[in-house]
$ cat work-v2.txt   # compact mmCIF, C-alpha atoms
# COMPACT_ATOMS: atom_id res chain seq x y z
CA MET V 122 128.14 104.53 81.40
CA ALA V 123 129.66 107.59 83.06
CA LYS V 124 129.54 108.33 86.80
CA ARG V 125 129.06 111.55 88.73
CA ASN V 126 129.84 111.03 92.41
CA LYS V 127 128.66 107.39 92.13
CA ILE V 128 125.47 108.41 90.27
CA ARG V 129 125.43 106.60 86.94
CA ILE V 130 124.84 108.73 83.85
CA LYS V 131 123.22 106.91 80.93
CA GLN V 132 123.76 107.87 77.31
CA GLY V 133 122.86 106.88 73.75
CA ARG V 134 122.26 103.16 73.29
CA GLU V 135 121.99 102.67 77.06
CA LEU V 136 119.00 104.97 77.17
CA ASP V 137 117.39 103.26 74.17
CA LEU V 138 117.59 99.90 75.97
CA MET V 139 116.33 101.35 79.22
CA ARG V 140 113.42 103.05 77.46
CA ALA V 141 112.42 99.67 76.02
CA ALA V 142 112.58 98.02 79.45
CA CYS V 143 110.54 100.82 81.02
CA LYS V 144 107.91 100.59 78.26
CA THR V 145 107.57 96.86 78.91
CA ALA V 146 107.31 97.43 82.67
CA ALA V 147 104.57 100.03 82.17
CA GLU V 148 102.59 97.78 79.85
CA ILE V 149 102.79 94.86 82.28
CA LEU V 150 101.76 97.10 85.18
CA GLN V 151 98.67 98.24 83.29
CA GLU V 152 97.70 94.69 82.30
CA VAL V 153 98.10 93.39 85.84
CA ALA V 154 96.20 96.38 87.26
CA ALA V 155 93.31 95.57 84.90
CA PHE V 156 93.39 91.93 86.07
CA ILE V 157 92.82 92.88 89.72
CA ALA V 158 89.22 92.17 90.77
CA PRO V 159 87.20 91.13 93.81
CA GLY V 160 87.51 87.44 94.65
CA LYS V 161 91.00 86.99 93.24
CA THR V 162 93.88 86.23 95.55
CA THR V 163 97.07 88.23 95.53
CA ARG V 164 98.88 85.02 94.55
CA GLU V 165 96.72 84.78 91.41
CA VAL V 166 97.61 88.37 90.54
CA ASP V 167 101.31 87.71 91.08
CA GLN V 168 101.24 84.53 88.97
CA PHE V 169 99.45 86.41 86.19
CA ALA V 170 102.25 89.00 86.26
CA GLY V 171 104.84 86.23 86.06
CA LYS V 172 103.16 84.78 82.97
CA LEU V 173 103.12 88.19 81.28
CA MET V 174 106.85 88.56 81.96
CA GLU V 175 107.50 85.15 80.43
CA LEU V 176 105.45 86.02 77.34
CA ARG V 177 107.39 89.28 76.92
CA HIS V 178 110.77 87.54 77.38
CA CYS V 179 111.75 89.56 80.44
CA LYS V 180 112.32 88.69 84.07
CA SER V 181 111.10 90.06 87.36
CA ALA V 182 113.54 92.50 88.94
CA PHE V 183 112.15 91.54 92.35
CA LEU V 184 111.99 87.72 92.35
CA GLY V 185 115.02 86.49 94.30
CA TYR V 186 116.26 90.02 95.04
CA ARG V 187 117.68 89.72 98.56
CA GLY V 188 115.48 86.63 98.81
CA PHE V 189 112.16 88.26 97.85
CA PRO V 190 109.81 85.36 96.92
CA ALA V 191 107.41 86.90 94.35
CA TYR V 192 107.31 88.43 90.87
CA THR V 193 105.68 91.66 92.03
CA CYS V 194 104.90 93.55 95.22
CA ILE V 195 101.15 93.53 95.98
CA SER V 196 100.07 95.52 99.03
CA ILE V 197 96.45 95.96 100.15
CA ASN V 198 94.99 98.82 102.22
CA GLU V 199 97.20 99.14 105.33
CA GLU V 200 100.08 97.39 103.52
CA ILE V 201 102.47 100.00 102.13
CA VAL V 202 105.06 98.12 100.06
CA HIS V 203 106.69 94.71 99.59
CA GLY V 204 103.50 92.71 100.00
CA ILE V 205 103.91 89.09 98.88
CA GLY V 206 101.29 87.38 96.73
CA GLY V 207 99.46 84.79 98.79
CA PRO V 208 96.02 83.63 99.91
CA ARG V 209 94.61 87.08 100.79
CA ILE V 210 91.43 87.64 98.79
CA ILE V 211 90.88 91.03 97.18
CA GLN V 212 87.63 92.59 98.37
CA PRO V 213 85.36 95.30 96.93
CA GLY V 214 86.45 98.67 98.34
CA ASP V 215 90.10 97.65 98.72
CA ILE V 216 92.96 99.69 97.37
CA VAL V 217 95.76 97.54 95.96
CA SER V 218 99.26 98.95 95.54
CA LEU V 219 101.01 97.13 92.70
CA ASP V 220 104.75 97.48 92.08
CA VAL V 221 106.20 95.96 88.90
CA GLY V 222 109.90 95.90 88.11
CA ILE V 223 111.39 93.97 85.20
CA VAL V 224 114.79 93.23 83.68
CA GLN V 225 115.02 93.32 79.89
CA ALA V 226 118.30 93.12 77.98
CA GLY V 227 120.11 93.91 81.23
CA TRP V 228 118.14 97.06 82.06
CA ILE V 229 115.51 97.74 84.71
CA GLY V 230 112.04 99.25 84.32
CA ASP V 231 110.37 100.05 87.66
CA ASN V 232 106.90 101.49 88.27
CA ALA V 233 103.92 101.28 90.60
CA THR V 234 100.29 102.31 90.94
CA THR V 235 97.49 101.90 93.45
CA VAL V 236 94.34 100.31 92.06
CA PRO V 237 90.86 101.05 93.43
CA VAL V 238 88.74 97.88 93.58
CA GLY V 239 85.15 98.67 92.72
CA ASP V 240 83.52 101.54 94.58
CA ILE V 241 86.02 102.81 97.13
CA SER V 242 85.36 105.36 99.86
CA LEU V 243 85.72 109.09 99.27
CA GLU V 244 88.56 109.09 101.80
CA ALA V 245 90.40 106.44 99.79
CA LYS V 246 89.81 108.36 96.55
CA ARG V 247 91.32 111.47 98.11
CA LEU V 248 94.35 109.53 99.36
CA LEU V 249 94.98 108.01 95.91
CA ALA V 250 94.49 111.33 94.14
CA ALA V 251 96.85 113.19 96.47
CA THR V 252 99.51 110.48 96.26
CA GLU V 253 99.39 110.35 92.47
CA GLN V 254 99.51 114.12 92.20
CA SER V 255 102.48 114.27 94.60
CA LEU V 256 104.40 112.06 92.17
CA TYR V 257 103.82 114.59 89.39
CA GLU V 258 104.70 117.46 91.71
CA ALA V 259 108.08 115.77 92.22
CA ILE V 260 108.50 115.05 88.50
CA ALA V 261 107.98 118.75 87.80
CA HIS V 262 111.27 119.35 89.66
CA ALA V 263 113.18 116.69 87.67
CA LEU V 264 115.08 119.37 85.74
CA PRO V 265 118.79 119.83 85.01
CA GLY V 266 120.48 122.17 87.45
CA LYS V 267 117.93 121.64 90.21
CA ARG V 268 118.88 120.10 93.53
CA LEU V 269 117.60 116.61 94.30
CA ALA V 270 116.24 118.03 97.58
CA ASP V 271 113.71 120.15 95.67
CA LEU V 272 112.33 117.08 93.91
CA CYS V 273 112.17 115.05 97.12
CA GLY V 274 110.65 117.83 99.19
CA ALA V 275 107.84 118.36 96.68
CA VAL V 276 106.10 115.14 97.76
CA GLU V 277 105.74 115.89 101.47
CA GLU V 278 105.13 119.57 100.80
CA TYR V 279 102.14 118.58 98.68
CA VAL V 280 100.55 115.88 100.87
CA LYS V 281 101.21 117.23 104.37
CA PRO V 282 98.80 120.22 104.12
CA ARG V 283 96.15 117.71 103.01
CA GLY V 284 96.50 115.73 106.24
CA TYR V 285 98.71 112.90 104.99
CA THR V 286 102.16 111.66 105.99
CA VAL V 287 105.04 110.20 103.98
CA VAL V 288 106.91 107.02 104.78
CA ARG V 289 110.49 107.83 105.78
CA GLU V 290 112.02 104.36 106.13
CA PHE V 291 111.54 103.43 102.47
CA VAL V 292 112.50 105.71 99.58
CA GLY V 293 112.91 106.00 95.84
CA HIS V 294 116.27 105.47 94.19
CA GLY V 295 118.42 105.66 91.13
CA VAL V 296 117.77 102.81 88.69
CA GLY V 297 119.42 101.44 85.56
CA ARG V 298 121.40 98.24 85.23
CA ASP V 299 120.76 97.68 88.94
CA LEU V 300 117.43 97.92 90.72
CA HIS V 301 118.82 100.22 93.40
CA GLU V 302 121.47 102.73 92.38
CA GLU V 303 122.54 106.06 93.81
CA PRO V 304 121.06 108.45 94.73
CA GLN V 305 118.40 107.71 97.30
CA VAL V 306 115.21 109.64 96.52
CA PRO V 307 113.21 110.18 99.74
CA ASN V 308 109.72 111.64 99.76
CA TYR V 309 110.73 114.47 102.07
CA ARG V 310 113.36 117.20 101.88
CA PRO V 311 116.65 115.64 103.06
CA GLN V 312 119.05 117.51 105.30
CA GLY V 313 122.33 118.83 103.96
CA LYS V 314 123.64 119.25 100.44
CA THR V 315 122.11 117.01 97.79
CA PRO V 316 123.27 116.29 94.22
CA ILE V 317 122.54 118.64 91.33
CA LEU V 318 120.38 116.88 88.74
CA GLU V 319 122.13 116.22 85.43
CA PRO V 320 121.01 114.89 82.04
CA GLY V 321 121.36 111.11 81.94
CA MET V 322 120.32 110.50 85.54
CA THR V 323 117.45 108.01 85.84
CA LEU V 324 115.41 108.07 89.04
CA ALA V 325 112.66 105.86 90.41
CA ILE V 326 110.43 108.43 92.12
CA GLU V 327 107.87 106.69 94.34
CA PRO V 328 105.70 108.48 96.87
CA MET V 329 104.40 106.21 99.65
CA VAL V 330 101.73 108.21 101.46
CA ASN V 331 99.78 107.22 104.57
CA ALA V 332 96.31 108.35 105.60
CA GLY V 333 97.39 108.24 109.25
CA VAL V 334 100.73 108.25 111.03
CA ALA V 335 104.02 107.96 109.18
CA ARG V 336 105.31 105.13 111.39
CA VAL V 337 105.51 101.65 109.92
CA LYS V 338 106.18 98.08 110.99
CA ILE V 339 107.29 94.96 109.12
CA LEU V 340 105.25 91.78 109.38
CA GLU V 341 106.59 88.38 110.39
CA ASP V 342 107.26 87.42 106.76
CA GLY V 343 110.17 89.87 106.92
CA TRP V 344 108.97 91.82 103.90
CA THR V 345 105.45 93.25 104.09
CA VAL V 346 105.49 96.83 105.40
CA VAL V 347 102.27 98.07 107.04
CA THR V 348 101.19 101.30 108.66
CA GLU V 349 101.57 101.22 112.44
CA ASP V 350 98.00 102.45 112.96
CA MET V 351 96.63 100.15 110.21
CA MET V 352 95.29 103.11 108.26
CA PRO V 353 95.47 102.83 104.45
CA SER V 354 98.47 103.79 102.35
CA ALA V 355 98.95 104.49 98.63
CA HIS V 356 101.97 104.11 96.35
CA PHE V 357 102.68 105.51 92.88
CA GLU V 358 105.98 105.33 90.99
CA HIS V 359 107.60 106.27 87.69
CA THR V 360 111.10 105.87 86.34
CA VAL V 361 112.11 109.35 85.16
CA LEU V 362 115.01 110.53 83.00
CA ILE V 363 116.65 113.90 83.56
CA THR V 364 117.13 115.48 80.12
CA ASP V 365 118.47 118.80 78.83
CA GLY V 366 114.91 120.12 79.11
CA GLU V 367 111.64 118.69 80.40
CA PRO V 368 111.69 115.38 82.34
CA GLU V 369 111.01 112.19 80.40
CA ILE V 370 108.69 109.71 82.11
CA MET V 371 110.22 106.47 80.89
CA THR V 372 107.43 104.31 82.34
CA TYR V 373 104.73 106.50 80.85
CA ARG V 374 101.11 105.42 81.27
CA PRO V 375 97.89 107.44 81.28
CA ARG V 376 97.08 109.03 84.60
CA THR V 377 94.09 107.86 86.60
CA ALA V 378 90.95 110.00 86.52
CA LEU V 379 90.91 110.51 90.29
CA PRO V 380 92.79 113.82 90.55
CA GLU V 381 90.63 115.36 87.82
CA MET V 382 87.44 113.99 89.42
CA LEU V 383 88.36 115.55 92.75
CA GLY V 384 89.40 118.87 91.24
CA ILE V 385 93.16 118.40 91.61
CA ALA V 386 95.09 120.11 88.82
CA ALA V 387 97.18 117.77 86.68
CA PHE V 388 100.86 118.35 85.88

$ encode --input "work-v2.txt" --output "structure tokens"
Amino acid sequence: MAKRNKIRIKQGRELDLMRAACKTAAEILQEVAAFIAPGKTTREVDQFAGKLMELRHCKSAFLGYRGFPAYTCISINEEIVHGIGGPRIIQPGDIVSLDVGIVQAGWIGDNATTVPVGDISLEAKRLLAATEQSLYEAIAHALPGKRLADLCGAVEEYVKPRGYTVVREFVGHGVGRDLHEEPQVPNYRPQGKTPILEPGMTLAIEPMVNAGVARVKILEDGWTVVTEDMMPSAHFEHTVLITDGEPEIMTYRPRTALPEMLGIAAF
């Protein structure tokens, strides 16, 4: 595995193994998303994810990471990221952000989506659609020779005119053998010179978009991040490979129908 200014460049067999891990992560994410329903607790959802990981002979990339106590991150409505499965009951009209990361054969697959539960409000649909589309706006800049800043800036530049804000304290990241590698991938245009994207870089791009203010706070459990104004937040993520040409979405899954329903052009 080569390095470019501390950014790890993956090649050949490494990419084959990482593709397999990302495929598994995407499949588990979709199965867990389909399991979410009114009346279930977030602990039930997390335990279901853990069973799927056991069946697929992989491990959670989150469980035990810096002491995190769950298989997945499950965050409802005003919760942004790092929600811990527990007694909270999922209700009709909720939006549930689900982040699944797994380790398979020593490689990480990391992805997230926000799941609408039953009939959600039009405002929630618009938030989800804009957040998902902002992810694909960023992916469109995941091209060799581009600056990382262009990719990062695409998220905020898409959602801000629509009245939304991006979380600044928590960002995307490089990913590979480790869950968090260089570079950091914020959802806003960073100041100063940023790396030039090169083939073999693998990035976890993950817009976290708030319906209200950008400010956040962390709950007493030390993990769950919520919006300061308790307005809803959405989270979508893919692991993306920089290639010699078009970006490769390593955690590929079908897009939701929300952007199309609301007249938002798909990438």

$ closest_atom_pairs --input "work-v2.txt" --of "range 267-385 of chain V" --to "range 228-231 of chain V" --cutoff "8 Å" --atoms "all atoms listed in the file" --output "CSV"
residue,atom,partner,partner_atom,distance
V:Val296,CA,V:Ile229,CA,6.8
V:Gly297,CA,V:Ile229,CA,5.4
V:Arg298,CA,V:Trp228,CA,4.7
V:Asp299,CA,V:Ile229,CA,6.7
V:Leu300,CA,V:Ile229,CA,6.3
V:Ala325,CA,V:Asp231,CA,6.8
V:Glu358,CA,V:Asp231,CA,7.6
V:His359,CA,V:Asp231,CA,6.8
V:Thr360,CA,V:Asp231,CA,6.0
V:Thr372,CA,V:Gly230,CA,7.1

$ write_last_selection --input "work-v2.txt" --atoms "C-alpha atoms" --output "PDB file, in the coordinates of the input"
ATOM      1  CA  VAL V 296     117.770 102.810  88.690  1.00  0.00           C
ATOM      2  CA  GLY V 297     119.420 101.440  85.560  1.00  0.00           C
ATOM      3  CA  ARG V 298     121.400  98.240  85.230  1.00  0.00           C
ATOM      4  CA  ASP V 299     120.760  97.680  88.940  1.00  0.00           C
ATOM      5  CA  LEU V 300     117.430  97.920  90.720  1.00  0.00           C
ATOM      6  CA  ALA V 325     112.660 105.860  90.410  1.00  0.00           C
ATOM      7  CA  GLU V 358     105.980 105.330  90.990  1.00  0.00           C
ATOM      8  CA  HIS V 359     107.600 106.270  87.690  1.00  0.00           C
ATOM      9  CA  THR V 360     111.100 105.870  86.340  1.00  0.00           C
ATOM     10  CA  THR V 372     107.430 104.310  82.340  1.00  0.00           C
TER      11      THR V 372
END

$ closest_atom_pairs --input "work-v2.txt" --of "range 255-328 of chain V" --to "range 129-146 of chain V" --cutoff "10 Å" --atoms "only C-alpha atoms" --output "CSV"
residue,atom,partner,partner_atom,distance
V:Gly295,CA,V:Arg129,CA,8.2
V:Val296,CA,V:Arg129,CA,8.7
V:Gly297,CA,V:Met139,CA,7.1
V:Arg298,CA,V:Met139,CA,8.5
V:Glu302,CA,V:Arg129,CA,7.8
V:Glu303,CA,V:Arg129,CA,7.5
V:Pro304,CA,V:Arg129,CA,9.1
V:Glu319,CA,V:Ile130,CA,8.1
V:Pro320,CA,V:Ile130,CA,7.5
V:Gly321,CA,V:Ile130,CA,4.6
V:Met322,CA,V:Ile130,CA,5.1
V:Thr323,CA,V:Lys131,CA,7.7

$ closest_residue --input "work-v2.txt" --among "V:Ile128, V:Val276, V:His301, V:Lys161" --to "Ala182 in chain V" --atoms "all atoms listed in the file"
V:His301

$ residues_around --input "work-v2.txt" --residues "Ser255 in chain V" --least-positions-apart "3" --cutoff "6 Å" --atoms "all atoms listed in the file" --output "ChimeraX atom specification"
/V:252,258,276,279

$ atom_distance --input "work-v2.txt" --atom1 "CA of Gly222 in chain V" --atom2 "CA of Ser242 in chain V"
28.8 Å

$ atom_distance --input "work-v2.txt" --atom1 "CA of Ser218 in chain V" --atom2 "CA of Pro190 in chain V"
17.3 Å

$ atom_distance --input "work-v2.txt" --atom1 "CA of Gly171 in chain V" --atom2 "CA of Ala233 in chain V"
15.7 Å

$ residues_around --input "work-v2.txt" --residues "range 310-313 of chain V" --least-positions-apart "5" --cutoff "8 Å" --atoms "only C-alpha atoms" --output "ChimeraX atom specification"
/V:270-271,273-275,277

$ closest_residue --input "work-v2.txt" --among "V:His178, V:Ala226, V:Thr163, V:Arg247" --to "Gln212 in chain V" --atoms "all atoms listed in the file"
V:Thr163

$ residues_around --input "work-v2.txt" --residues "Leu248 in chain V" --least-positions-apart "3" --cutoff "7 Å" --atoms "all atoms listed in the file" --output "list in words"
Glu244, Ala245, Ala251, Thr252, Ala332 and Ala355 of chain V

$ residues_around --input "work-v2.txt" --residues "Leu379 in chain V" --least-positions-apart "5" --cutoff "12 Å" --atoms "only C-alpha atoms" --output "list in words"
Thr235, Val236, Pro237, Ile241, Leu243, Glu244, Ala245, Lys246, Arg247, Leu248, Leu249, Ala250, Ala251, Thr252, Glu253, Gln254, Gly384, Ile385, Ala386 and Ala387 of chain V

$ residues_around --input "work-v2.txt" --residues "Arg209 in chain V" --least-positions-apart "2" --cutoff "7 Å" --atoms "only C-alpha atoms" --output "NGL selection string"
:V and (162-163 or 207 or 211)

$ closest_residue --input "work-v2.txt" --among "V:Asp215, V:Glu175, V:Glu199, V:Glu148" --to "Gly160 in chain V" --atoms "all atoms listed in the file"
V:Asp215

$ residues_near_point --input "work-v2.txt" --point "(117.6, 117.7, 88.6)" --cutoff "7 Å" --atoms "only C-alpha atoms" --output "list in words"
His262, Ala263, Leu264, Pro265, Gly266, Lys267, Arg268, Leu269, Ile317, Leu318, Glu319 and Ile363 of chain V

$ decode --input "work-v2.txt" --residues "range 163-266 of chain V" --atoms "C-alpha atoms" --output "short mmCIF file (atom, residue, chain, number, x, y, z; two decimals), in the first residue's frame"
data_model
loop_
_atom_site.label_atom_id
_atom_site.label_comp_id
_atom_site.auth_asym_id
_atom_site.auth_seq_id
_atom_site.Cartn_x
_atom_site.Cartn_y
_atom_site.Cartn_z
CA THR V 163 -33.18 0.98 18.13
CA ARG V 164 -31.60 -1.80 20.20
CA GLU V 165 -33.56 -4.40 18.20
CA VAL V 166 -32.32 -2.83 14.97
CA ASP V 167 -28.73 -2.85 16.21
CA GLN V 168 -28.94 -6.48 17.36
CA PHE V 169 -30.38 -7.46 13.97
CA ALA V 170 -27.38 -5.80 12.31
CA GLY V 171 -25.03 -7.70 14.60
CA LYS V 172 -26.64 -11.01 13.63
CA LEU V 173 -26.27 -10.19 9.93
CA MET V 174 -22.58 -9.45 10.45
CA GLU V 175 -22.13 -12.78 12.22
CA LEU V 176 -23.90 -14.63 9.41
CA ARG V 177 -21.66 -12.94 6.83
CA HIS V 178 -18.48 -13.68 8.82
CA CYS V 179 -17.52 -10.04 9.25
CA LYS V 180 -17.26 -7.75 12.26
CA SER V 181 -18.55 -4.32 13.12
CA ALA V 182 -16.02 -1.58 12.47
CA PHE V 183 -17.70 0.49 15.19
CA LEU V 184 -18.19 -1.90 18.13
CA GLY V 185 -15.41 -1.16 20.62
CA TYR V 186 -13.91 1.62 18.48
CA ARG V 187 -12.74 4.16 21.05
CA GLY V 188 -15.22 2.44 23.37
CA PHE V 189 -18.32 2.72 21.16
CA PRO V 190 -20.84 0.20 22.57
CA ALA V 191 -22.94 -0.83 19.53
CA TYR V 192 -22.68 -2.58 16.16
CA THR V 193 -24.10 0.35 14.21
CA CYS V 194 -24.92 4.03 14.64
CA ILE V 195 -28.69 4.62 14.73
CA SER V 196 -29.78 8.25 14.98
CA ILE V 197 -33.42 9.42 14.95
CA ASN V 198 -34.75 12.83 13.86
CA GLU V 199 -32.72 15.44 15.79
CA GLU V 200 -29.89 12.93 16.33
CA ILE V 201 -27.21 13.46 13.69
CA VAL V 202 -24.67 10.66 14.13
CA HIS V 203 -23.30 8.14 16.66
CA GLY V 204 -26.68 7.23 18.12
CA ILE V 205 -26.51 4.09 20.28
CA GLY V 206 -29.13 1.36 19.98
CA GLY V 207 -31.30 1.35 23.08
CA PRO V 208 -34.90 1.52 24.30
CA ARG V 209 -36.05 4.37 22.03
CA ILE V 210 -39.04 3.18 20.01
CA ILE V 211 -39.20 4.05 16.32
CA GLN V 212 -42.37 5.97 15.51
CA PRO V 213 -44.30 6.56 12.27
CA GLY V 214 -43.02 9.76 10.65
CA ASP V 215 -39.50 9.40 12.07
CA ILE V 216 -36.39 9.61 9.95
CA VAL V 217 -33.71 7.15 11.04
CA SER V 218 -30.08 7.68 10.06
CA LEU V 219 -28.31 4.32 9.88
CA ASP V 220 -24.52 4.04 9.63
CA VAL V 221 -23.02 0.60 8.98
CA GLY V 222 -19.29 -0.08 8.93
CA ILE V 223 -17.80 -3.57 8.77
CA VAL V 224 -14.38 -5.22 8.76
CA GLN V 225 -13.92 -8.13 6.35
CA ALA V 226 -10.55 -9.76 5.67
CA GLY V 227 -8.89 -6.74 7.27
CA TRP V 228 -10.62 -4.11 5.13
CA ILE V 229 -13.35 -1.61 5.98
CA GLY V 230 -16.64 -0.95 4.20
CA ASP V 231 -18.44 2.17 5.48
CA ASN V 232 -21.81 3.57 4.37
CA ALA V 233 -24.94 5.26 5.68
CA THR V 234 -28.47 6.19 4.70
CA THR V 235 -31.45 7.91 6.28
CA VAL V 236 -34.63 5.84 6.31
CA PRO V 237 -38.12 7.39 6.22
CA VAL V 238 -40.51 5.54 8.54
CA GLY V 239 -43.96 5.38 7.02
CA ASP V 240 -45.44 8.64 5.78
CA ILE V 241 -43.01 11.41 6.64
CA SER V 242 -43.62 15.13 6.30
CA LEU V 243 -42.90 17.00 3.08
CA GLU V 244 -40.24 18.97 4.96
CA ALA V 245 -38.51 15.73 5.96
CA LYS V 246 -38.72 14.41 2.38
CA ARG V 247 -37.05 17.56 1.11
CA LEU V 248 -34.29 17.30 3.71
CA LEU V 249 -33.57 13.67 2.81
CA ALA V 250 -33.67 14.36 -0.92
CA ALA V 251 -31.31 17.33 -0.66
CA THR V 252 -28.88 15.46 1.59
CA GLU V 253 -28.78 12.42 -0.68
CA GLN V 254 -28.31 14.57 -3.76
CA SER V 255 -25.50 16.52 -2.06
CA LEU V 256 -23.63 13.23 -1.66
CA TYR V 257 -23.81 12.65 -5.41
CA GLU V 258 -22.83 16.26 -6.10
CA ALA V 259 -19.65 15.57 -4.11
CA ILE V 260 -19.06 12.22 -5.82
CA ALA V 261 -19.21 13.99 -9.19
CA HIS V 262 -16.01 15.80 -8.14
CA ALA V 263 -14.21 12.58 -7.12
CA LEU V 264 -11.98 12.73 -10.19
CA PRO V 265 -8.20 12.43 -10.61
CA GLY V 266 -6.47 15.80 -10.73
#
